[in-house]
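Participant: Just passing along the structure, written as C-alpha cells.
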Amino acid sequence: MAEGAAADEEVENVVAGLGSYGGKVGLVTDCEEEIMLLWAIQQPIFSKHNAFVSQSALQLHIDACGRSLSILQSPSSLGTPGVTGSVMWDSGIILGKFLEHSVESGTIFLQGKNVIELGSGCGLVGCIAALLGAQVTLTDLPDRLKLLKKNVETNLYGDVRGSATVNELTWGDDLDTDITDPSPDFVLGSDVVYSEGAVLDLMETLVGLCGKQTTVILAGELRNDAILEYFLEAAMKEFVVGRVDQDQWHPDYCSSRVAIYVLVKK
C-alpha cells in the first residue's frame, strides 16, 4: 500500500475517544498495516534516541504537576540481562507528560480513579498519576521495589491530590484480589513490550486485571517491529486497540521513536 493511501485509511479509522480516554484515537484493525504506518511514516530509526533522559545519570529532574520531580536511577544495573527498569526511558517521560496534558485538556479524568501501573521501574508515571489525583498502585518485580519505593517517598510529599502504594507483581502469576476487585479504572505501562516471552505474560496479566470499564494506556519505544506486531496480534484478540496520534500528546514531549496505545476489553 502506498504511503498516502495508508495515511488516508488511518484517518478513516479515527474515533473520538476509547474507553475513559476522550481524545482522538486511530483504531488498529490490521497489525501489518499498523507496523508499516509506524515505521514508514514516523521513521523511528532517524529520531534521536533518549531525547528526554540520561541513563548514565544517578538522578533525573523533570517538571510536572507544579513540582520538580527528582527521579533516582541505577545505571549500574542496566548491564544486567533483562533489567531495564533501573533507568528512565523516553516512553516513561512521554507517558507521564501525556497524562498531565490530557488531564489539563479534559480528555482524561484521574481524580479518585483506581490506577494500576505495570512495570513501574523508577516510578515517574505512577507518581504523576498520583499528583493528578489518582489512587495508584505501582507494581514491579521484587528486586525493583527498593528503588521504586525510594522515588515514591522522595516525590510524593506534602499536599498530594491522590495516593500511591508499591506492590510486587510478576506478570503471568496469579493476581491478588486486592488489585482485581474492584477492577482498576486505568492500567498504565511504559516500555512494557520488549520480548515475545514478556508479551505472553503481560497479556495474561492484562486480561486478568482488566474489567469492561478498565482503560489501558501503554507507551512504548519503537525498537523491534516484529515484537510490536506480536503484541498487537495478541492484544487484538481480547481488546479494542487504538493509537493516540502525537497531536494529542504534550507538545513539548513528542518523539517519533515512541507510540502510545489505548486498549479496552471487547
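Each chain of the C-alpha cells is named A, B, ... in the order shown, its residues numbered from 1; ligands are numbered from 1 in display order.
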Would you list the contacts of Ala219 (chain A) as JSON, numbers by chain, taking every protein, DNA or RNA residue within 12 Å and counting only C-alpha atoms, but skipping same-chain residues closer than 2 positions in sequence?

Facilitator: {"A": [89, 90, 91, 92, 93, 94, 95, 96, 97, 98, 99, 117, 118, 119, 125, 187, 188, 189, 190, 191, 192, 193, 194, 216, 217, 221, 222, 228, 242, 243, 244, 245, 246, 249, 254, 255, 257, 258, 259, 260, 261, 262, 263]}

Participant: Please identify every residue of region 207-256 of chain A that has at least one atom no farther than 7 Å from an atom of region 161-183 of chain A, counting only C-alpha atoms, and for each give the shortest atom pair and the distance in Å to one decimal, arranged by chain then increasing number, as a tab-separated table.

Facilitator:
```
residue	atom	partner	partner_atom	distance
A:Leu209	CA	A:Thr180	CA	5.5
A:Cys210	CA	A:Ser183	CA	5.9
A:Gly211	CA	A:Ser183	CA	5.4
A:Thr214	CA	A:Ser183	CA	6.9
```

Participant: At a cut-off of 7 Å, using only C-alpha atoms, what residues contact Leu110 (chain A)? Leave out same-chain residues fewer than 6 positions from it and give the result as a PyMOL selection string.

Facilitator: chain A and resi 132-134

Participant: Output N, CA and C atoms of each residue in that selection to a file, as a PDB file, in the first residue's frame.

Facilitator:
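Done, and the output landed in part-v1.pdb:
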```
ATOM      1  N   LEU A 132      -1.942  13.820  39.984  1.00  0.00           N
ATOM      2  CA  LEU A 132      -3.137  14.222  39.233  1.00  0.00           C
ATOM      3  C   LEU A 132      -4.430  13.736  39.889  1.00  0.00           C
ATOM      4  N   GLY A 133      -4.303  13.102  41.056  1.00  0.00           N
ATOM      5  CA  GLY A 133      -5.493  12.753  41.825  1.00  0.00           C
ATOM      6  C   GLY A 133      -5.848  11.287  41.890  1.00  0.00           C
ATOM      7  N   ALA A 134      -5.089  10.421  41.218  1.00  0.00           N
ATOM      8  CA  ALA A 134      -5.434   9.002  41.184  1.00  0.00           C
ATOM      9  C   ALA A 134      -4.971   8.279  42.450  1.00  0.00           C
TER      10      ALA A 134
END
```

Participant: So which one's closest to Lys150 (chain A), A:Gln73, A:Gln213, A:Ser195, A:Gln111? Using only C-alpha atoms, please.

Facilitator: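 Going through A:Gln73, A:Gln213, A:Ser195, A:Gln111 one by one, the smallest distance to Lys150 (chain A) is for A:Gln73.
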
Participant: Could you tell me, as JSON, numbers by chain, which residues of region 19-263 of chain A DSSP assigns to alpha helix (DSSP H) when given the backbone?

Facilitator: {"A": [31, 32, 33, 34, 35, 36, 37, 90, 91, 92, 93, 94, 95, 96, 97, 98, 99, 100, 101, 102, 103, 104, 105, 124, 125, 126, 127, 128, 129, 130, 131, 145, 146, 147, 148, 149, 150, 151, 152, 153, 154, 155, 177, 178, 179, 180, 196, 197, 198, 199, 200, 201, 202, 203, 204, 205, 206, 207, 208, 209, 225, 226, 227, 228, 229, 230, 231, 232, 233, 234, 235, 236, 237, 238]}

Participant: Counting only C-alpha atoms, figure out which residue out of A:Val240, A:Ile108, A:Val115, A:Ala234 gets nearest to Tyr21 (chain A).

Facilitator: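 Ranked by minimum distance to Tyr21 (chain A), first place goes to A:Ile108.
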
Participant: As a PyMOL selection string, please: the residues near Ala57 (chain A) (cut-off 10 Å, only C-alpha atoms, same-chain neighbours under 6 positions excluded).

Facilitator: chain A and resi 72-75+87-88

Participant: Could the residues in this selection be saved with all heavy atoms as a CSV table (one decimal), in the first residue's frame?

Facilitator:
```csv
chain,number,residue,atom,x,y,z
A,72,LEU,N,15.5,9.0,41.0
A,72,LEU,CA,16.7,8.3,41.2
A,72,LEU,C,16.8,7.1,40.2
A,72,LEU,O,15.8,6.5,39.9
A,72,LEU,CB,16.8,7.7,42.6
A,72,LEU,CG,16.9,8.7,43.7
A,72,LEU,CD1,16.8,8.0,45.1
A,72,LEU,CD2,18.1,9.6,43.7
A,73,GLN,N,18.0,6.9,39.6
A,73,GLN,CA,18.2,5.8,38.7
A,73,GLN,C,19.4,5.0,39.2
A,73,GLN,O,20.1,5.4,40.1
A,73,GLN,CB,18.6,6.3,37.3
A,73,GLN,CG,17.6,7.3,36.6
A,73,GLN,CD,18.0,7.5,35.2
A,73,GLN,OE1,17.3,7.2,34.3
A,73,GLN,NE2,19.1,8.2,35.0
A,74,SER,N,19.5,3.8,38.6
A,74,SER,CA,20.6,2.9,39.0
A,74,SER,C,21.3,2.4,37.7
A,74,SER,O,21.0,1.3,37.2
A,74,SER,CB,20.1,1.7,39.8
A,74,SER,OG,21.1,0.8,40.0
A,75,PRO,N,22.1,3.3,37.1
A,75,PRO,CA,22.7,3.0,35.8
A,75,PRO,C,23.5,1.7,35.8
A,75,PRO,O,23.6,1.0,34.8
A,75,PRO,CB,23.6,4.2,35.5
A,75,PRO,CG,23.0,5.3,36.3
A,75,PRO,CD,22.5,4.7,37.6
A,87,VAL,N,16.5,2.5,35.1
A,87,VAL,CA,16.7,3.8,34.5
A,87,VAL,C,15.4,4.2,33.7
A,87,VAL,O,14.6,3.4,33.4
A,87,VAL,CB,17.9,3.8,33.5
A,87,VAL,CG1,19.2,3.5,34.3
A,87,VAL,CG2,17.7,2.9,32.4
A,88,MET,N,15.3,5.5,33.5
A,88,MET,CA,14.2,6.1,32.7
A,88,MET,C,14.4,5.9,31.2
A,88,MET,O,15.6,6.0,30.8
A,88,MET,CB,14.0,7.5,33.1
A,88,MET,CG,13.4,7.8,34.4
A,88,MET,SD,11.8,7.1,34.7
A,88,MET,CE,10.9,7.9,33.3
```

Participant: Under the rule that only C-alpha atoms are counted, which of A:Pro184, A:Gly158, A:Gly126, A:Gly22 is the nearest residue to Val103 (chain A)?

Facilitator: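 Ranked by minimum distance to Val103 (chain A), first place goes to A:Gly22.
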
Participant: Could you please determine the separation between CA of Met203 (chain A) and CA of Lys237 (chain A) in Å, to one decimal place?

Facilitator: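 Computing it gives 10.2 Å between the two atoms.
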